[in-house]
Amino acid sequence: MDEVTFRVFRGEPDADGEPFGQMIDYTVTLDEGMVVLDVIHRIQAEQAPDLSCRWNCKAGKCGSCSAEVNGKPKLMCMTRMEDVLEETPDGEPVLVKPMQAFPLTKDLVTDASWAYDMDRRIAPISGPEESDWEFRQEEADRLQEFRSCIECMLCVNTCHVLREHQMFDDFAGPRFFVRLAGLEMHPLDTESRIPEIKDDFGIGYCNITKCCTEVCPAGINITDNAIIPLKERVVTEFYDPLVMLTRKFRSD
């Protein structure tokens, strides 16, 4: 059995709420087939019982165990140690840190309550009663991609608008553009969402670098299938000269 050194962030917010702590080394014996979360659990069991880590299903479905492994946003339960060791330079420890976009709670746990607040800002579907819904298979397939989000917030953690510029009040972020796309593109939704997507949720701040798509463990094509179509609808609604002329003539 091989031994590996994990360098794990340990700390809590200071009196001003700023993250305060240090990286601590733990040497762990690996078993075949282990994932990063297994190693964290072994550290808790054998060396640091006070190490805080959020997890639940251990099956890549709950989105709880998000962290940064060697600087990359990952679900720890879905990140296999053999893959991590392949990308870790010889003699270097495996680095594990909490998500950097969110306020630190303790160790590997962050406060993602912003997501619940943002969720409440989005109006639910408005249309016929669910029992009366009928839509074509291709429409159902399109919506199903958006419904596969597990709310791990890895896409938010890698988004520079939120991570670097902390624009949490003005920008919905990739996870919630996925939700907004699922509502806006729903064939039965009657809510007028485009003005809100433009002004309240700040889709114009996104410069479509696709970093959110690259880290999505559910495989959602966030940029191409959610954000870009929403941007196109905003452009059509507010900047298309034909639409603007039509609106002017109707108002006269």
# chains A, B, ... in the order shown; residues from 1 in each chain; ligands from 1

$ residues_around --residues "Asp25 in chain A" --least-positions-apart "6" --cutoff "8 Å" --atoms "only C-alpha atoms" --output "mmCIF file with N, CA and C atoms, in the first residue's frame"
data_model
loop_
_atom_site.group_PDB
_atom_site.id
_atom_site.type_symbol
_atom_site.label_atom_id
_atom_site.label_comp_id
_atom_site.auth_asym_id
_atom_site.auth_seq_id
_atom_site.Cartn_x
_atom_site.Cartn_y
_atom_site.Cartn_z
ATOM 1 N N THR A 5 0.943 12.172 1.002
ATOM 2 C CA THR A 5 0.805 13.308 1.907
ATOM 3 C C THR A 5 -0.260 14.258 1.383
ATOM 4 N N PHE A 6 -1.227 14.537 2.222
ATOM 5 C CA PHE A 6 -2.273 15.513 1.922
ATOM 6 C C PHE A 6 -1.960 16.784 2.686
ATOM 7 N N ARG A 7 -1.995 17.908 2.013
ATOM 8 C CA ARG A 7 -1.844 19.215 2.662
ATOM 9 C C ARG A 7 -3.223 19.875 2.664
ATOM 10 N N VAL A 8 -3.854 19.887 3.828
ATOM 11 C CA VAL A 8 -5.257 20.272 3.958
ATOM 12 C C VAL A 8 -5.372 21.607 4.695
ATOM 13 N N PRO A 93 2.870 17.327 -2.085
ATOM 14 C CA PRO A 93 1.635 16.856 -1.447
ATOM 15 C C PRO A 93 0.412 17.166 -2.300
#

$ closest_atom_pairs --of "range 76-106 of chain A" --to "range 114-129 of chain A" --cutoff "12 Å" --atoms "only C-alpha atoms" --output "JSON lines"
{"residue": "A:Ala101", "atom": "CA", "partner": "A:Trp114", "partner_atom": "CA", "distance": 10.9}
{"residue": "A:Phe102", "atom": "CA", "partner": "A:Trp114", "partner_atom": "CA", "distance": 8.6}
{"residue": "A:Pro103", "atom": "CA", "partner": "A:Trp114", "partner_atom": "CA", "distance": 9.8}

$ write_last_selection --atoms "N, CA, C and O atoms" --output "short mmCIF file (atom, residue, chain, number, x, y, z; two decimals), in the first residue's frame"
data_model
loop_
_atom_site.label_atom_id
_atom_site.label_comp_id
_atom_site.auth_asym_id
_atom_site.auth_seq_id
_atom_site.Cartn_x
_atom_site.Cartn_y
_atom_site.Cartn_z
N ALA A 101 -14.75 30.91 -3.48
CA ALA A 101 -15.72 31.95 -3.80
C ALA A 101 -16.64 32.26 -2.64
O ALA A 101 -17.24 33.35 -2.59
N PHE A 102 -16.78 31.33 -1.70
CA PHE A 102 -17.74 31.47 -0.62
C PHE A 102 -17.05 31.76 0.71
O PHE A 102 -15.89 31.38 0.91
N PRO A 103 -17.76 32.38 1.65
CA PRO A 103 -17.17 32.63 2.97
C PRO A 103 -16.82 31.33 3.68
O PRO A 103 -17.56 30.34 3.59
#

$ closest_atom_pairs --of "range 153-209 of chain A" --to "range 73-82 of chain A" --cutoff "8 Å" --atoms "only C-alpha atoms" --output "CSV"
residue,atom,partner,partner_atom,distance
A:Leu154,CA,A:Pro73,CA,5.8
A:Asn157,CA,A:Pro73,CA,7.2
A:Thr158,CA,A:Pro73,CA,7.1

$ atom_distance --atom1 "CA of Ile43 in chain A" --atom2 "CA of Cys149 in chain A"
29.7 Å

$ select_by_dssp --residues "range 49-233 of chain A" --states "helix (DSSP H, G or I)" --output "count of residues only"
80

$ select_by_dssp --residues "range 75-228 of chain A" --states "strand (DSSP E or B)" --output "ChimeraX atom specification"
/A:75,80,94-97,104-106,109-110

$ write_last_selection --atoms "all heavy atoms" --output "PDB file, in the first residue's frame"
ATOM      1  N   LEU A  75     -15.679  17.504  -6.962  1.00  0.00           N
ATOM      2  CA  LEU A  75     -16.414  16.760  -5.951  1.00  0.00           C
ATOM      3  C   LEU A  75     -15.441  15.738  -5.381  1.00  0.00           C
ATOM      4  O   LEU A  75     -14.931  14.880  -6.111  1.00  0.00           O
ATOM      5  CB  LEU A  75     -17.619  16.039  -6.557  1.00  0.00           C
ATOM      6  CG  LEU A  75     -18.856  16.873  -6.898  1.00  0.00           C
ATOM      7  CD1 LEU A  75     -19.936  15.968  -7.483  1.00  0.00           C
ATOM      8  CD2 LEU A  75     -19.383  17.605  -5.678  1.00  0.00           C
ATOM      9  N   ARG A  80     -10.923  10.345  -8.081  1.00  0.00           N
ATOM     10  CA  ARG A  80     -10.162   9.144  -7.733  1.00  0.00           C
ATOM     11  C   ARG A  80      -8.703   9.489  -7.463  1.00  0.00           C
ATOM     12  O   ARG A  80      -8.101  10.297  -8.160  1.00  0.00           O
ATOM     13  CB  ARG A  80     -10.263   8.098  -8.847  1.00  0.00           C
ATOM     14  CG  ARG A  80     -11.685   7.593  -9.038  1.00  0.00           C
ATOM     15  CD  ARG A  80     -11.726   6.285  -9.801  1.00  0.00           C
ATOM     16  NE  ARG A  80     -13.071   5.720  -9.755  1.00  0.00           N
ATOM     17  CZ  ARG A  80     -13.541   4.983  -8.768  1.00  0.00           C
ATOM     18  NH1 ARG A  80     -12.770   4.703  -7.741  1.00  0.00           N
ATOM     19  NH2 ARG A  80     -14.768   4.508  -8.799  1.00  0.00           N
ATOM     20  N   VAL A  94      -0.667  16.468  -2.029  1.00  0.00           N
ATOM     21  CA  VAL A  94      -1.963  16.767  -2.645  1.00  0.00           C
ATOM     22  C   VAL A  94      -2.595  17.900  -1.849  1.00  0.00           C
ATOM     23  O   VAL A  94      -2.756  17.792  -0.624  1.00  0.00           O
ATOM     24  CB  VAL A  94      -2.875  15.525  -2.637  1.00  0.00           C
ATOM     25  CG1 VAL A  94      -4.248  15.888  -3.199  1.00  0.00           C
ATOM     26  CG2 VAL A  94      -2.242  14.393  -3.431  1.00  0.00           C
ATOM     27  N   LEU A  95      -2.929  18.968  -2.518  1.00  0.00           N
ATOM     28  CA  LEU A  95      -3.488  20.139  -1.843  1.00  0.00           C
ATOM     29  C   LEU A  95      -5.015  20.065  -1.832  1.00  0.00           C
ATOM     30  O   LEU A  95      -5.634  19.837  -2.883  1.00  0.00           O
ATOM     31  CB  LEU A  95      -3.054  21.423  -2.544  1.00  0.00           C
ATOM     32  CG  LEU A  95      -1.548  21.660  -2.679  1.00  0.00           C
ATOM     33  CD1 LEU A  95      -1.288  22.976  -3.404  1.00  0.00           C
ATOM     34  CD2 LEU A  95      -0.861  21.652  -1.321  1.00  0.00           C
ATOM     35  N   VAL A  96      -5.608  20.260  -0.672  1.00  0.00           N
ATOM     36  CA  VAL A  96      -7.067  20.273  -0.556  1.00  0.00           C
ATOM     37  C   VAL A  96      -7.478  21.531   0.198  1.00  0.00           C
ATOM     38  O   VAL A  96      -7.070  21.749   1.340  1.00  0.00           O
ATOM     39  CB  VAL A  96      -7.602  19.024   0.169  1.00  0.00           C
ATOM     40  CG1 VAL A  96      -9.142  19.037   0.169  1.00  0.00           C
ATOM     41  CG2 VAL A  96      -7.099  17.756  -0.493  1.00  0.00           C
ATOM     42  N   LYS A  97      -8.272  22.362  -0.463  1.00  0.00           N
ATOM     43  CA  LYS A  97      -8.733  23.619   0.127  1.00  0.00           C
ATOM     44  C   LYS A  97     -10.248  23.731  -0.030  1.00  0.00           C
ATOM     45  O   LYS A  97     -10.843  23.089  -0.897  1.00  0.00           O
ATOM     46  CB  LYS A  97      -8.073  24.817  -0.567  1.00  0.00           C
ATOM     47  CG  LYS A  97      -6.564  24.895  -0.413  1.00  0.00           C
ATOM     48  CD  LYS A  97      -6.024  26.134  -1.129  1.00  0.00           C
ATOM     49  CE  LYS A  97      -4.523  26.256  -0.983  1.00  0.00           C
ATOM     50  NZ  LYS A  97      -4.008  27.458  -1.673  1.00  0.00           N
ATOM     51  N   LEU A 104     -15.719  31.339   4.386  1.00  0.00           N
ATOM     52  CA  LEU A 104     -15.276  30.156   5.115  1.00  0.00           C
ATOM     53  C   LEU A 104     -16.119  29.947   6.367  1.00  0.00           C
ATOM     54  O   LEU A 104     -16.414  30.898   7.095  1.00  0.00           O
ATOM     55  CB  LEU A 104     -13.804  30.316   5.507  1.00  0.00           C
ATOM     56  CG  LEU A 104     -13.186  29.188   6.342  1.00  0.00           C
ATOM     57  CD1 LEU A 104     -13.091  27.908   5.525  1.00  0.00           C
ATOM     58  CD2 LEU A 104     -11.816  29.603   6.858  1.00  0.00           C
ATOM     59  N   THR A 105     -16.506  28.697   6.600  1.00  0.00           N
ATOM     60  CA  THR A 105     -17.150  28.324   7.862  1.00  0.00           C
ATOM     61  C   THR A 105     -16.112  27.684   8.778  1.00  0.00           C
ATOM     62  O   THR A 105     -15.829  28.171   9.861  1.00  0.00           O
ATOM     63  CB  THR A 105     -18.321  27.357   7.630  1.00  0.00           C
ATOM     64  OG1 THR A 105     -19.305  27.997   6.812  1.00  0.00           O
ATOM     65  CG2 THR A 105     -18.968  26.955   8.950  1.00  0.00           C
ATOM     66  N   LYS A 106     -15.527  26.575   8.324  1.00  0.00           N
ATOM     67  CA  LYS A 106     -14.423  25.943   9.050  1.00  0.00           C
ATOM     68  C   LYS A 106     -13.775  24.899   8.157  1.00  0.00           C
ATOM     69  O   LYS A 106     -14.478  24.119   7.506  1.00  0.00           O
ATOM     70  CB  LYS A 106     -14.911  25.286  10.350  1.00  0.00           C
ATOM     71  CG  LYS A 106     -13.779  24.681  11.170  1.00  0.00           C
ATOM     72  CD  LYS A 106     -14.296  23.989  12.430  1.00  0.00           C
ATOM     73  CE  LYS A 106     -13.129  23.369  13.200  1.00  0.00           C
ATOM     74  NZ  LYS A 106     -13.579  22.597  14.388  1.00  0.00           N
ATOM     75  N   VAL A 109     -15.296  23.458   4.930  1.00  0.00           N
ATOM     76  CA  VAL A 109     -16.722  23.807   4.840  1.00  0.00           C
ATOM     77  C   VAL A 109     -16.871  25.303   4.580  1.00  0.00           C
ATOM     78  O   VAL A 109     -16.262  26.127   5.266  1.00  0.00           O
ATOM     79  CB  VAL A 109     -17.459  23.428   6.140  1.00  0.00           C
ATOM     80  CG1 VAL A 109     -18.939  23.813   6.040  1.00  0.00           C
ATOM     81  CG2 VAL A 109     -17.324  21.934   6.415  1.00  0.00           C
ATOM     82  N   THR A 110     -17.687  25.640   3.596  1.00  0.00           N
ATOM     83  CA  THR A 110     -17.954  27.046   3.280  1.00  0.00           C
ATOM     84  C   THR A 110     -19.443  27.337   3.424  1.00  0.00           C
ATOM     85  O   THR A 110     -20.281  26.436   3.423  1.00  0.00           O
ATOM     86  CB  THR A 110     -17.504  27.388   1.847  1.00  0.00           C
ATOM     87  OG1 THR A 110     -18.075  26.451   0.924  1.00  0.00           O
ATOM     88  CG2 THR A 110     -15.996  27.358   1.724  1.00  0.00           C
TER      89      THR A 110
END

$ atom_distance --atom1 "CA of Arg42 in chain A" --atom2 "CA of Gly21 in chain A"
21.2 Å

$ atom_distance --atom1 "CA of Gly182 in chain A" --atom2 "CA of Ser64 in chain A"
22.5 Å

$ residues_around --residues "Glu145 in chain A" --least-positions-apart "2" --cutoff "10 Å" --atoms "only C-alpha atoms" --output "PyMOL selection string"
chain A and resi 140-143+147-149+178+182+218-222+225-226

$ write_last_selection --atoms "N, CA and C atoms" --output "PDB file, in the first residue's frame"
ATOM      1  N   ALA A 140     -38.817  18.048 -23.645  1.00  0.00           N
ATOM      2  CA  ALA A 140     -38.540  17.391 -22.367  1.00  0.00           C
ATOM      3  C   ALA A 140     -37.055  17.086 -22.223  1.00  0.00           C
ATOM      4  N   ASP A 141     -36.430  16.649 -23.307  1.00  0.00           N
ATOM      5  CA  ASP A 141     -34.998  16.333 -23.264  1.00  0.00           C
ATOM      6  C   ASP A 141     -34.168  17.583 -22.981  1.00  0.00           C
ATOM      7  N   ARG A 142     -34.569  18.685 -23.573  1.00  0.00           N
ATOM      8  CA  ARG A 142     -33.827  19.927 -23.373  1.00  0.00           C
ATOM      9  C   ARG A 142     -33.896  20.376 -21.915  1.00  0.00           C
ATOM     10  N   LEU A 143     -35.082  20.273 -21.325  1.00  0.00           N
ATOM     11  CA  LEU A 143     -35.235  20.669 -19.929  1.00  0.00           C
ATOM     12  C   LEU A 143     -34.532  19.711 -18.983  1.00  0.00           C
ATOM     13  N   ARG A 147     -32.245  20.088 -15.393  1.00  0.00           N
ATOM     14  CA  ARG A 147     -32.713  19.485 -14.138  1.00  0.00           C
ATOM     15  C   ARG A 147     -31.661  18.566 -13.512  1.00  0.00           C
ATOM     16  N   SER A 148     -30.622  18.228 -14.256  1.00  0.00           N
ATOM     17  CA  SER A 148     -29.606  17.318 -13.716  1.00  0.00           C
ATOM     18  C   SER A 148     -28.607  18.022 -12.798  1.00  0.00           C
ATOM     19  N   CYS A 149     -28.742  19.346 -12.627  1.00  0.00           N
ATOM     20  CA  CYS A 149     -27.850  20.084 -11.726  1.00  0.00           C
ATOM     21  C   CYS A 149     -27.985  19.566 -10.301  1.00  0.00           C
ATOM     22  N   VAL A 178     -28.627  28.404 -15.313  1.00  0.00           N
ATOM     23  CA  VAL A 178     -29.171  27.101 -15.697  1.00  0.00           C
ATOM     24  C   VAL A 178     -30.630  27.000 -15.280  1.00  0.00           C
ATOM     25  N   GLY A 182     -33.947  26.874 -17.747  1.00  0.00           N
ATOM     26  CA  GLY A 182     -34.960  25.831 -17.681  1.00  0.00           C
ATOM     27  C   GLY A 182     -36.367  26.381 -17.586  1.00  0.00           C
ATOM     28  N   ALA A 218     -22.043  17.177 -13.489  1.00  0.00           N
ATOM     29  CA  ALA A 218     -23.238  16.593 -14.104  1.00  0.00           C
ATOM     30  C   ALA A 218     -23.177  16.633 -15.624  1.00  0.00           C
ATOM     31  N   GLY A 219     -22.141  17.256 -16.180  1.00  0.00           N
ATOM     32  CA  GLY A 219     -21.984  17.309 -17.627  1.00  0.00           C
ATOM     33  C   GLY A 219     -22.927  18.262 -18.330  1.00  0.00           C
ATOM     34  N   ILE A 220     -23.458  19.244 -17.607  1.00  0.00           N
ATOM     35  CA  ILE A 220     -24.353  20.225 -18.235  1.00  0.00           C
ATOM     36  C   ILE A 220     -23.530  21.186 -19.077  1.00  0.00           C
ATOM     37  N   ASN A 221     -23.963  21.409 -20.299  1.00  0.00           N
ATOM     38  CA  ASN A 221     -23.288  22.374 -21.165  1.00  0.00           C
ATOM     39  C   ASN A 221     -23.818  23.764 -20.814  1.00  0.00           C
ATOM     40  N   ILE A 222     -23.341  24.290 -19.693  1.00  0.00           N
ATOM     41  CA  ILE A 222     -23.891  25.516 -19.131  1.00  0.00           C
ATOM     42  C   ILE A 222     -23.772  26.689 -20.104  1.00  0.00           C
ATOM     43  N   ASN A 225     -25.710  25.877 -23.853  1.00  0.00           N
ATOM     44  CA  ASN A 225     -27.129  25.536 -23.830  1.00  0.00           C
ATOM     45  C   ASN A 225     -27.970  26.397 -22.898  1.00  0.00           C
ATOM     46  N   ALA A 226     -27.330  27.107 -21.967  1.00  0.00           N
ATOM     47  CA  ALA A 226     -28.093  27.949 -21.042  1.00  0.00           C
ATOM     48  C   ALA A 226     -27.730  29.419 -21.187  1.00  0.00           C
TER      49      ALA A 226
END
